[in-house]
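Coordinates as given in entry00.txt (compact mmCIF, C-alpha atoms):
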```txt
# COMPACT_ATOMS: atom_id res chain seq x y z
CA MET K 1 -4.26 -6.08 39.08
CA GLU K 2 -0.96 -7.77 39.75
CA SER K 3 -2.07 -8.60 43.29
CA PHE K 4 -5.26 -10.15 41.89
CA GLU K 5 -3.17 -12.54 39.91
CA LYS K 6 -1.91 -13.97 43.19
CA TYR K 7 -5.35 -15.40 43.59
CA SER K 8 -5.18 -19.02 42.61
CA GLN K 9 -6.60 -22.39 43.36
CA GLU K 10 -4.36 -22.37 46.44
CA PHE K 11 -6.13 -19.26 47.61
CA GLU K 12 -9.45 -20.98 47.01
CA GLN K 13 -8.26 -23.92 49.11
CA LEU K 14 -7.07 -21.52 51.79
CA ILE K 15 -10.46 -19.84 52.04
CA LEU K 16 -12.32 -23.14 52.11
CA ASN K 17 -10.13 -24.93 54.61
CA LYS K 18 -8.72 -22.35 57.00
CA GLU K 19 -10.43 -20.17 59.56
CA TYR K 20 -9.58 -16.50 59.42
CA SER K 21 -8.17 -16.55 62.93
CA LEU K 22 -5.77 -19.32 61.97
CA LEU K 23 -4.21 -17.46 59.05
CA ASN K 24 -0.50 -16.76 59.38
CA LYS K 25 1.14 -13.38 58.97
CA SER K 26 1.97 -13.64 55.28
CA GLU K 27 -1.53 -14.89 54.43
CA LEU K 28 -3.07 -12.03 56.34
CA GLN K 29 -0.81 -9.57 54.54
CA GLN K 30 -1.96 -11.01 51.26
CA LEU K 31 -5.60 -10.57 52.21
CA ASP K 32 -4.94 -7.04 53.41
CA ALA K 33 -3.34 -6.25 50.07
CA GLU K 34 -6.61 -7.28 48.46
CA GLY K 35 -8.54 -5.23 51.01
CA LEU K 36 -10.37 -8.34 52.11
CA SER K 37 -11.95 -8.09 55.56
CA GLU K 38 -12.82 -10.99 57.85
CA GLU K 39 -16.49 -10.59 57.00
CA GLU K 40 -15.79 -10.70 53.28
CA TYR K 41 -13.52 -13.70 53.82
CA TYR K 42 -16.38 -15.71 55.28
CA GLN K 43 -18.81 -14.42 52.71
CA ILE K 44 -16.63 -15.76 49.94
CA ARG K 45 -16.20 -19.04 51.79
CA GLU K 46 -19.94 -19.56 52.14
CA THR K 47 -20.56 -18.66 48.53
CA LEU K 48 -17.87 -21.05 47.37
CA LEU K 49 -19.29 -23.84 49.52
CA ALA K 50 -22.77 -23.17 48.21
CA ILE K 51 -21.57 -23.21 44.62
CA LYS K 52 -19.79 -26.51 45.17
CA GLU K 53 -22.79 -28.04 46.84
CA MET K 54 -25.08 -26.76 44.16
CA ASP K 55 -26.34 -29.44 41.83
CA SER K 56 -25.17 -28.68 38.40
CA GLU K 57 -28.46 -28.06 36.74
CA MET K 58 -28.34 -29.28 33.24
CA GLU K 59 -30.55 -27.81 30.64
CA PHE K 60 -31.54 -30.15 27.85
CA PRO K 61 -32.42 -28.89 24.41
CA SER K 62 -35.61 -30.14 22.79
CA GLU K 63 -35.41 -33.34 20.78
CA ASN K 64 -36.20 -31.70 17.45
CA VAL K 65 -32.96 -29.69 17.72
CA LYS K 66 -30.98 -32.89 17.41
CA ASN K 67 -33.11 -34.12 14.52
CA LYS K 68 -32.63 -30.85 12.66
CA LEU K 69 -28.90 -30.98 13.22
CA LEU K 70 -28.66 -34.55 11.98
CA ASP K 71 -30.57 -33.50 8.84
CA VAL K 72 -28.15 -30.62 8.38
CA PHE K 73 -25.28 -33.05 8.78
CA ASP K 74 -26.79 -35.30 6.08
CA GLU K 75 -27.31 -32.33 3.76
CA GLY K 76 -23.75 -31.27 4.28
CA HIS K 77 -22.60 -34.79 3.51
CA GLN K 78 -24.69 -34.95 0.32
CA LYS K 79 -23.41 -31.56 -0.74
CA GLN K 80 -19.90 -32.72 -0.25
CA THR K 81 -20.57 -35.81 -2.37
CA ARG K 82 -22.09 -33.66 -5.07
CA ILE K 83 -19.03 -31.45 -4.99
CA ILE K 84 -16.88 -34.51 -5.61
CA VAL K 85 -19.03 -35.54 -8.61
CA PHE K 86 -19.50 -32.07 -10.04
CA PRO K 87 -15.85 -31.33 -10.76
CA MET K 88 -15.69 -34.45 -12.88
CA TRP K 89 -18.42 -33.04 -15.10
CA ALA K 90 -16.83 -29.70 -15.02
CA LYS K 91 -13.47 -31.15 -15.86
CA LEU K 92 -14.86 -33.12 -18.80
CA SER K 93 -16.83 -30.22 -20.21
CA LEU K 94 -13.89 -27.88 -19.73
CA LEU K 95 -11.63 -30.38 -21.46
CA ALA K 96 -14.04 -30.68 -24.39
CA ALA K 97 -14.35 -26.93 -24.66
CA ALA K 98 -10.58 -26.56 -24.56
CA CYS K 99 -10.18 -29.18 -27.33
CA ILE K 100 -12.73 -27.40 -29.52
CA ALA K 101 -11.08 -24.06 -28.96
CA LEU K 102 -7.67 -25.50 -29.78
CA GLY K 103 -9.03 -27.20 -32.89
CA LEU K 104 -10.62 -23.99 -34.11
CA PHE K 105 -7.40 -22.18 -33.50
CA LEU K 106 -5.23 -24.71 -35.30
CA PHE K 107 -7.59 -25.67 -38.14
CA ASN K 108 -9.23 -22.38 -38.90
CA PRO K 109 -10.37 -22.58 -42.60
CA ASN K 110 -9.65 -18.87 -43.04
CA SER K 111 -6.02 -19.17 -42.08
CA THR K 112 -3.29 -19.90 -44.71
CA ILE K 113 -1.43 -23.09 -44.09
CA TYR K 114 2.02 -23.80 -45.47
CA ASN K 115 3.08 -27.39 -45.57
CA VAL K 116 6.60 -27.87 -44.41
CA THR K 117 8.33 -30.86 -45.89
CA ASN K 118 11.89 -32.00 -46.22
CA ASP K 119 11.55 -32.39 -49.96
CA VAL K 120 13.91 -30.01 -51.77
CA ALA K 121 11.76 -29.84 -54.87
CA SER K 122 8.69 -28.95 -53.00
CA ASN K 123 10.71 -26.38 -51.03
CA SER K 124 11.89 -24.68 -54.22
CA GLN K 125 8.36 -24.77 -55.54
CA SER K 126 7.17 -23.26 -52.36
CA SER K 127 9.83 -20.59 -52.68
CA SER K 128 8.75 -19.76 -56.24
CA ASN K 129 5.17 -19.58 -55.04
CA GLU K 130 6.23 -17.07 -52.45
CA ASP K 131 8.02 -15.09 -55.20
CA GLN K 132 4.85 -15.15 -57.19
CA VAL K 133 3.00 -13.73 -54.26
CA ILE K 134 5.52 -10.94 -53.96
CA ASN K 135 5.35 -10.18 -57.66
CA ASN K 136 1.61 -10.05 -57.58
CA THR K 137 1.65 -7.82 -54.58
CA SER K 138 4.25 -5.55 -56.10
CA SER K 139 2.19 -5.20 -59.24
CA GLU K 140 -0.71 -4.24 -57.06
CA SER K 141 1.29 -1.62 -55.31
CA THR K 142 2.80 -0.10 -58.41
CA ILE K 143 1.71 3.47 -58.59
CA VAL K 144 3.03 4.34 -61.98
CA SER K 145 1.32 1.97 -64.30
CA THR K 146 1.94 1.52 -68.00
CA ASP K 147 -1.34 3.22 -68.67
CA GLN K 148 -0.05 6.35 -67.04
CA THR K 149 3.09 6.55 -69.15
CA PRO K 150 1.55 8.52 -72.07
CA ILE K 151 0.30 11.10 -69.63
CA ILE K 152 3.77 11.46 -68.23
CA ASP K 153 5.19 11.76 -71.70
CA ASN K 154 2.75 14.53 -72.53
CA LYS K 155 3.67 16.37 -69.43
CA LEU K 156 7.32 15.99 -70.23
CA LYS K 157 6.75 17.36 -73.68
CA GLU K 158 5.04 20.38 -72.19
CA THR K 159 7.90 20.84 -69.82
CA ASN K 160 10.43 20.71 -72.68
CA GLN K 161 8.77 23.63 -74.38
CA VAL K 162 9.35 25.89 -71.39
CA ASP K 163 13.01 26.28 -70.78
CA GLU K 164 12.93 29.25 -68.52
CA ILE K 165 10.36 30.55 -66.09
CA GLN K 166 10.91 33.97 -64.66
CA SER K 167 9.24 35.18 -61.55
CA GLY K 168 10.02 38.81 -60.75
CA ASP K 169 12.97 39.36 -58.51
CA GLU K 170 13.02 35.84 -57.40
CA SER K 171 15.73 33.57 -58.59
CA ILE K 172 15.09 31.69 -61.74
CA SER K 173 14.74 28.01 -61.69
CA THR K 174 15.40 26.17 -64.82
CA ILE K 175 14.41 22.72 -65.66
CA THR K 176 16.39 21.40 -68.51
CA ASN K 177 15.32 18.26 -70.14
CA SER K 178 17.75 18.14 -72.97
CA ASP K 179 19.37 14.77 -73.39
CA ASN K 180 16.90 13.48 -70.94
CA GLN K 181 18.90 14.98 -68.11
CA MET K 182 17.77 17.40 -65.54
CA GLY K 183 19.16 20.06 -63.32
CA VAL K 184 20.96 23.30 -63.83
CA SER K 185 21.71 23.94 -60.25
CA GLU K 186 21.68 21.33 -57.56
CA ILE K 187 19.83 21.46 -54.29
CA PRO K 188 19.60 18.78 -51.61
CA MET K 189 16.84 16.28 -52.03
CA GLU K 190 15.38 17.16 -48.65
CA ASP K 191 14.25 20.42 -50.19
CA ALA K 192 12.76 18.78 -53.24
CA PRO K 193 9.11 18.97 -52.24
CA THR K 194 9.41 22.67 -51.43
CA ALA K 195 11.26 23.32 -54.61
CA ILE K 196 8.69 21.55 -56.69
CA ALA K 197 5.91 23.42 -55.02
CA ASN K 198 7.53 26.77 -55.60
CA SER K 199 8.60 25.80 -59.09
CA ASN K 200 11.48 28.20 -58.88
CA THR K 201 14.25 25.87 -57.86
CA SER K 202 16.16 23.32 -59.74
CA VAL K 203 16.07 19.83 -58.46
CA SER K 204 18.76 17.33 -58.99
CA ASN K 205 18.79 13.74 -58.01
CA SER K 206 22.36 13.10 -57.30
CA GLN K 207 21.30 11.18 -54.15
CA PRO K 208 18.38 8.83 -54.49
CA ILE K 209 15.77 9.06 -51.77
CA SER K 210 13.20 6.54 -50.80
CA LEU K 211 9.57 7.26 -50.27
CA THR K 212 7.49 4.46 -48.85
CA THR K 213 3.80 3.98 -49.11
CA SER K 214 1.58 2.21 -46.69
CA SER K 215 0.85 -0.61 -49.07
CA ILE K 216 2.27 -3.99 -48.29
CA PRO K 217 4.82 -5.14 -49.29
CA THR K 218 6.67 -1.93 -48.82
CA SER K 219 7.30 0.06 -51.94
CA ALA K 220 10.25 2.34 -52.18
CA TYR K 221 10.73 5.07 -54.74
CA LYS K 222 14.17 5.86 -55.96
CA TRP K 223 14.45 9.23 -57.57
CA THR K 224 16.73 9.35 -60.53
CA ASN K 225 17.71 11.82 -63.16
CA SER K 226 16.15 9.61 -65.72
CA LEU K 227 12.89 10.74 -67.19
CA GLU K 228 11.69 7.21 -67.48
CA SER K 229 10.19 5.41 -64.56
CA GLU K 230 11.70 2.08 -63.76
CA LYS K 231 10.72 -0.64 -61.41
CA SER K 232 12.85 -3.21 -59.68
CA GLU K 233 12.09 -5.64 -56.94
CA ASP K 234 14.17 -6.62 -54.01
CA VAL K 235 12.76 -10.02 -53.32
CA GLU K 236 14.93 -10.75 -50.30
CA SER K 237 13.90 -7.69 -48.37
CA ASN K 238 10.39 -7.89 -49.73
CA VAL K 239 10.65 -4.28 -50.81
CA VAL K 240 9.67 -3.10 -54.25
CA VAL K 241 12.10 -0.46 -55.33
CA GLN K 242 10.65 1.71 -57.99
CA SER K 243 12.58 4.34 -59.82
CA VAL K 244 10.34 7.20 -60.62
CA SER K 245 11.21 10.18 -62.73
CA LEU K 246 11.05 13.62 -61.23
CA ALA K 247 8.14 14.54 -63.40
CA ASP K 248 6.08 11.97 -61.54
CA PHE K 249 7.00 13.42 -58.20
CA PRO K 250 3.74 15.32 -57.58
CA ASN K 251 1.70 12.25 -58.46
CA VAL K 252 3.69 10.09 -56.10
CA ILE K 253 3.63 12.69 -53.37
CA SER K 254 -0.12 12.87 -53.58
CA GLN K 255 -0.36 9.12 -53.12
CA THR K 256 2.25 8.84 -50.41
CA VAL K 257 1.07 8.35 -46.95
CA THR K 258 4.26 8.40 -45.00
CA ILE K 259 7.56 9.94 -45.93
CA TYR K 260 10.58 8.62 -44.12
CA MET I 1 -16.47 -53.40 12.67
CA SER I 2 -18.73 -51.27 14.84
CA ILE I 3 -17.28 -48.38 16.82
CA ASN I 4 -18.21 -47.82 20.45
CA TYR I 5 -18.56 -44.05 20.33
CA SER I 6 -19.03 -43.64 24.08
CA THR I 7 -15.47 -44.80 24.65
CA LEU I 8 -13.98 -42.38 22.14
CA SER I 9 -12.49 -39.14 23.32
CA ASP I 10 -13.87 -35.81 22.13
CA GLU I 11 -10.96 -35.42 19.77
CA GLN I 12 -11.43 -38.90 18.32
CA LEU I 13 -15.10 -38.15 17.75
CA MET I 14 -14.12 -35.01 15.90
CA GLU I 15 -11.82 -37.05 13.73
CA GLN I 16 -14.76 -39.29 12.86
CA ILE I 17 -16.94 -36.25 12.17
CA ILE I 18 -14.32 -34.87 9.79
CA ALA I 19 -14.61 -38.25 8.02
CA ARG I 20 -18.39 -37.54 7.83
CA ASP I 21 -19.44 -40.08 10.43
CA LYS I 22 -23.01 -39.20 11.40
CA LEU I 23 -23.04 -41.44 14.47
CA ALA I 24 -19.96 -39.69 15.80
CA PHE I 25 -21.71 -36.38 15.35
CA SER I 26 -24.73 -37.72 17.22
CA ALA I 27 -22.51 -39.00 20.04
CA LEU I 28 -20.74 -35.68 20.38
CA TYR I 29 -24.07 -33.88 20.45
CA ASP I 30 -25.35 -36.16 23.22
CA ARG I 31 -22.19 -35.60 25.21
CA TYR I 32 -22.02 -31.83 24.96
CA SER I 33 -25.50 -30.51 24.26
CA PRO I 34 -26.69 -30.38 27.93
CA ARG I 35 -23.52 -28.62 29.09
CA LEU I 36 -23.54 -26.19 26.22
CA MET I 37 -27.24 -25.60 26.52
CA SER I 38 -26.78 -24.75 30.21
CA TYR I 39 -23.86 -22.51 29.35
CA PHE I 40 -25.89 -20.66 26.74
CA MET I 41 -28.84 -20.37 29.07
CA ARG I 42 -26.73 -18.82 31.84
CA LEU I 43 -24.96 -16.45 29.49
CA LEU I 44 -28.04 -15.48 27.52
CA TRP I 45 -30.42 -14.33 30.24
CA ASN I 46 -31.98 -17.76 30.67
CA ASN I 47 -33.62 -17.35 27.30
CA ARG I 48 -34.29 -20.93 26.29
CA GLU I 49 -35.23 -20.20 22.71
CA LEU I 50 -32.13 -18.10 22.15
CA ALA I 51 -29.98 -20.73 23.85
CA GLU I 52 -31.34 -23.42 21.52
CA ASP I 53 -30.67 -21.23 18.50
CA CYS I 54 -27.10 -20.70 19.63
CA LEU I 55 -26.66 -24.41 20.31
CA GLN I 56 -27.90 -25.17 16.80
CA GLU I 57 -25.56 -22.56 15.36
CA LEU I 58 -22.63 -24.11 17.14
CA PHE I 59 -23.38 -27.66 16.02
CA ILE I 60 -24.08 -26.52 12.47
CA LYS I 61 -20.59 -25.05 12.47
CA ILE I 62 -19.19 -28.35 13.69
CA SER I 63 -21.23 -30.23 11.10
CA ARG I 64 -20.28 -28.04 8.14
CA GLN I 65 -16.72 -27.19 8.98
CA PRO I 66 -15.39 -29.80 11.39
CA GLU I 67 -11.93 -29.35 9.93
CA LEU I 68 -11.79 -25.95 11.65
CA PHE I 69 -10.96 -27.88 14.78
CA ASP I 70 -7.32 -28.79 15.14
CA ILE I 71 -7.45 -32.44 16.24
CA THR I 72 -4.03 -32.11 17.87
CA ARG I 73 -5.57 -29.77 20.44
CA SER I 74 -8.11 -30.24 23.20
CA PHE I 75 -11.74 -30.12 22.12
CA ARG I 76 -13.32 -28.79 25.31
CA PRO I 77 -11.65 -25.33 25.36
CA TRP I 78 -12.24 -25.02 21.62
CA VAL I 79 -15.97 -25.74 21.82
CA PHE I 80 -16.41 -23.33 24.71
CA THR I 81 -14.43 -20.70 22.80
CA VAL I 82 -16.87 -21.06 19.90
CA ALA I 83 -19.81 -20.94 22.34
CA THR I 84 -18.45 -17.83 24.04
CA ASN I 85 -17.96 -16.12 20.68
CA ILE I 86 -21.57 -16.92 19.71
CA CYS I 87 -22.71 -15.36 22.98
CA LYS I 88 -20.61 -12.27 22.29
CA MET I 89 -22.33 -11.97 18.93
CA GLU I 90 -25.67 -12.14 20.69
CA TYR I 91 -24.58 -9.42 23.11
CA ARG I 92 -23.62 -7.23 20.18
CA LYS I 93 -26.97 -7.84 18.49
CA THR I 94 -28.79 -7.01 21.69
CA SER I 95 -26.80 -3.85 22.33
CA ARG I 96 -27.47 -2.78 18.72
CA LYS I 97 -31.18 -3.23 19.33
CA GLY I 98 -30.79 -0.98 22.36
CA GLN I 99 -31.91 -3.60 24.83
CA SER I 100 -30.42 -3.85 28.27
CA VAL I 101 -28.02 -6.75 28.62
CA SER I 102 -28.43 -7.24 32.34
CA LEU I 103 -31.65 -8.43 33.83
CA ASP I 104 -33.41 -6.82 36.72
CA LEU I 105 -32.80 -8.57 39.93
CA ALA I 106 -35.61 -10.72 41.20
CA PRO I 107 -37.19 -9.86 44.54
CA GLU I 108 -35.04 -10.75 47.46
CA LEU I 109 -35.61 -14.26 48.67
CA ALA I 110 -37.27 -14.40 52.00
CA ASP I 111 -35.81 -17.34 53.82
CA ASN I 112 -34.91 -16.77 57.44
CA SER I 113 -34.52 -20.32 58.57
CA SER I 114 -31.82 -20.74 61.21
CA ASN I 115 -30.54 -24.08 59.92
CA ILE I 116 -27.84 -23.57 57.35
CA SER I 117 -28.85 -26.60 55.34
CA GLU I 118 -32.34 -25.27 55.28
CA ARG I 119 -31.29 -21.71 54.75
CA ILE I 120 -29.17 -22.45 51.79
CA ASP I 121 -31.88 -23.83 49.69
CA LYS I 122 -30.03 -25.12 46.72
CA LYS I 123 -32.72 -24.23 44.29
CA ALA I 124 -33.14 -20.76 45.65
CA PHE I 125 -29.41 -20.27 45.72
CA SER I 126 -29.11 -21.41 42.16
CA LYS I 127 -31.81 -19.04 41.08
CA LYS I 128 -30.29 -16.15 42.94
CA LEU I 129 -26.85 -16.95 41.58
CA LYS I 130 -28.16 -16.83 38.05
CA GLU I 131 -29.63 -13.44 38.72
CA VAL I 132 -26.46 -12.11 40.28
CA LEU I 133 -24.41 -13.44 37.41
CA GLU I 134 -26.48 -11.31 35.09
CA THR I 135 -25.13 -8.20 36.80
CA ILE I 136 -21.53 -9.16 36.12
CA ASP I 137 -19.85 -8.22 32.90
CA GLU I 138 -19.34 -10.88 30.26
CA PRO I 139 -15.64 -11.82 30.67
CA HIS I 140 -15.96 -12.23 34.45
CA LYS I 141 -19.24 -14.10 34.17
CA SER I 142 -18.09 -16.58 31.54
CA THR I 143 -14.80 -17.10 33.40
CA PHE I 144 -16.70 -17.87 36.59
CA MET I 145 -19.10 -20.21 34.81
CA LEU I 146 -16.39 -22.06 32.97
CA ARG I 147 -14.57 -22.59 36.24
CA TYR I 148 -17.42 -23.53 38.58
CA PHE I 149 -20.10 -24.92 36.25
CA GLU I 150 -18.13 -26.45 33.43
CA GLU I 151 -15.15 -27.23 35.65
CA LEU I 152 -12.56 -26.19 33.15
CA SER I 153 -9.02 -25.75 34.42
CA LEU I 154 -7.45 -22.31 34.61
CA LYS I 155 -5.34 -23.16 31.60
CA GLU I 156 -8.35 -24.22 29.56
CA ILE I 157 -10.19 -21.03 30.49
CA SER I 158 -7.17 -19.00 29.46
CA LEU I 159 -7.35 -20.75 26.07
CA VAL I 160 -11.06 -20.03 25.75
CA HIS I 161 -10.60 -16.34 26.49
CA ASN I 162 -7.22 -16.10 24.81
CA CYS I 163 -5.66 -14.52 27.88
CA SER I 164 -3.10 -15.38 30.52
CA GLU I 165 -3.79 -17.61 33.48
CA GLY I 166 -3.10 -14.62 35.73
CA THR I 167 -5.97 -12.76 34.10
CA VAL I 168 -8.22 -15.77 34.64
CA LYS I 169 -7.29 -15.82 38.35
CA SER I 170 -7.98 -12.14 38.82
CA ARG I 171 -11.31 -12.43 36.99
CA LEU I 172 -12.31 -15.34 39.21
CA PHE I 173 -11.41 -13.41 42.32
CA TYR I 174 -13.36 -10.37 41.13
CA ALA I 175 -16.42 -12.44 40.19
CA LEU I 176 -16.42 -14.43 43.41
CA ARG I 177 -16.07 -11.34 45.56
CA LYS I 178 -18.88 -9.59 43.70
CA ILE I 179 -21.22 -12.58 43.89
CA ALA I 180 -20.50 -13.06 47.59
CA GLY I 181 -21.22 -9.39 48.19
CA LYS I 182 -24.59 -9.61 46.45
CA MET I 183 -25.84 -12.73 48.19
CA PRO I 184 -25.68 -11.89 51.88
CA GLN I 185 -28.87 -13.82 52.72
CA PHE I 186 -27.05 -17.05 51.95
CA GLN I 187 -24.14 -16.43 54.33
CA SER I 188 -23.95 -18.53 57.46
CA ILE I 189 -23.25 -16.41 60.50
```

Once more with this new file: its structure as structure tokens, please.
Amino acid sequence: MESFEKYSQEFEQLILNKEYSLLNKSELQQLDAEGLSEEEYYQIRETLLAIKEMDSEMEFPSENVKNKLLDVFDEGHQKQTRIIVFPMWAKLSLLAAACIALGLFLFNPNSTIYNVTNDVASNSQSSSNEDQVINNTSSESTIVSTDQTPIIDNKLKETNQVDEIQSGDESISTITNSDNQMGVSEIPMEDAPTAIANSNTSVSNSQPISLTTSSIPTSAYKWTNSLESEKSEDVESNVVVQSVSLADFPNVISQTVTIY
Amino acid sequence: MSINYSTLSDEQLMEQIIARDKLAFSALYDRYSPRLMSYFMRLLWNNRELAEDCLQELFIKISRQPELFDITRSFRPWVFTVATNICKMEYRKTSRKGQSVSLDLAPELADNSSNISERIDKKAFSKKLKEVLETIDEPHKSTFMLRYFEELSLKEISLVHNCSEGTVKSRLFYALRKIAGKMPQFQSI
């Protein structure tokens, strides 16, 4: 293949212009390397001469080919023009659609809007409004309502009548409600639910725990030794802290979704 | 100001076509359609209908995507590259259909005239050459045709076939030797 690459226009000129007998030593060596005989040499020469003398026959396509192509060119041009016009429409419609979408997003009638002004008075009013919202919400999320208080009282009265409950060999748990205070022996609050369920363990509330419900704002229950349920609100943290007596524990537990 | 398209170079015409100048497209078609038509005819078994289809395909490409041509480069090798690729596609289609790519050789020409000018009947030679070219494989055939029919330089052919000039030379040598070997009746003794 490398020797073939030696073939060039010079070689073509050599074949056309020089007789085989007049070739020099190096030229003959080159032809030998190609395996080109004298006969082949002249064959190639004659073929080359014939090709060069040959009239270059031109084939002409039919006229309608040109007409079709010019039509295609026009169509392509029109398409291109349309493409230039079309994006303008597209841009305008897209812009309008974007404006509508933005307007719906910003001015949705279902969404609450708070006006922000620099006026101090209006700010304080706004703040009190927010407090009102929290109060309302907290009242909604209060589990122990005033209506429930008599029921609790009745239960407490029942509990007062039973000072001691014995259960075979098991240890005795005593719930003392004298002086509105509870607890004979103290157990950790973590064990409170188990203790209540077994009803054989004393529960004391030396450490308040918090139980949160899923209602919003978050309600927290602080367990106290007091038999009366109390309610306080931490406005800043938006958490309603509610002190609930131990007697209400089962009720609260039953309504608690998550215990942290 | 009217443009004299006949004086514009191929590359300048392409610039005008990119700017959607229909007259430039028409001028380019007039300039190249006979050469390309002949090229297609020779490469595609002298099938005129197929050659016209390929010519249309090529000019539709130029019409729709003229920007594919890099105006900083020479147009002639580029257009023959596109033409050669179209022919290759046709070869693939034909081979998929299971048809034979090469044509049967026509009956030997009976011309025993002693005079060389008479013996080498140009028309007969041309016909025979076409037939012999059909027996050569595609890269050698198109290289030979680009060199001797379209008169492209070795460098331009190397651009068309995306190969080195050395490869072009060797292909030319191979093609010429093969053609000469198959046309003994045209040799002067």

Contacts between chain K and chain I, please, where a residue of chain I counts if it comes within 6 Å (with all atoms listed in the file); show its shortest atom pair and distance in Å to one decimal, rows by chain and ascending number, as CSV.
```
residue,atom,partner,partner_atom,distance
I:Pro34,CA,K:Phe60,CA,4.9
I:Met37,CA,K:Glu59,CA,5.7
I:Ser38,CA,K:Glu59,CA,4.9
I:Ser63,CA,K:Phe73,CA,5.5
I:Lys122,CA,K:Met54,CA,5.8
I:Gly166,CA,K:Glu5,CA,4.7
I:Lys169,CA,K:Glu5,CA,5.5
I:Ser170,CA,K:Phe4,CA,4.6
I:Ala180,CA,K:Ile44,CA,5.3
I:Gln187,CA,K:Glu46,CA,5.7
```

Next on the checklist: With all atoms listed in the file as the counted atoms, please give the residues lying no more than 7 Å from stretch 17-29 of chain I, apart from itself and same-chain residues fewer than 2 positions off, as number ranges by chain.
Outcome noted: K: 77; I: 5, 13-15, 31-33, 66-67

Checklist entry - Using only C-alpha atoms, which of the listed residues (I:Arg35, I:His140, I:Arg76, I:Lys178) sits closest to I:Lys155? => result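 So, comparing all the options, the nearest one is I:Arg76.
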
Checklist outcome for this item: Taken to one decimal, the atom CA of I:Tyr148-atom CA of I:Ile86 distance is 20.4 Å

With all atoms of stretch 145-161 of chain I from the file as input, state the centre and edge lengths in Å to one decimal of the axis-aligned box that has 4 Å extra on each side, as lines of an AutoDock Vina configuration file.
```
center_x = -12.7
center_y = -21.8
center_z = 32.2
size_x = 22.8
size_y = 18.9
size_z = 20.8
```

Item to check | Best match for closeness to I:Met41 among I:Ser158, I:Glu11, I:Phe59, I:Glu134, counting all atoms listed in the file | outcome: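 When distances to I:Met41 are compared using all atoms listed in the file, the smallest one comes from I:Glu134.
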
Checklist entry - To one decimal place, how far is atom CA of I:Glu52 from atom CA of I:Phe80 in Å? => result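 Straight-line distance from atom CA of I:Glu52 to atom CA of I:Phe80 works out to 15.3 Å.
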
Checklist entry - Hey, what's within 9 Å of I:Phe69 if we count only C-alpha atoms and toss same-chain stuff fewer than 4 positions away? As a PyMOL selection string, please? => result chain I and resi 14+62+65+73+75+78-79

Checklist entry - How many Å lie between atom CA of I:Cys87 and atom CA of I:Phe173, rounded to one decimal? => result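 Calculated distance between atom CA of I:Cys87 and atom CA of I:Phe173 is 22.5 Å.
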
Next on the checklist: Under the rule that all atoms listed in the file are counted, which of I:Ala175, I:Leu8, I:Leu129, I:Leu159 is the nearest residue to I:Ser74?
Outcome noted: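 The answer is I:Leu159, which sits nearest to I:Ser74.
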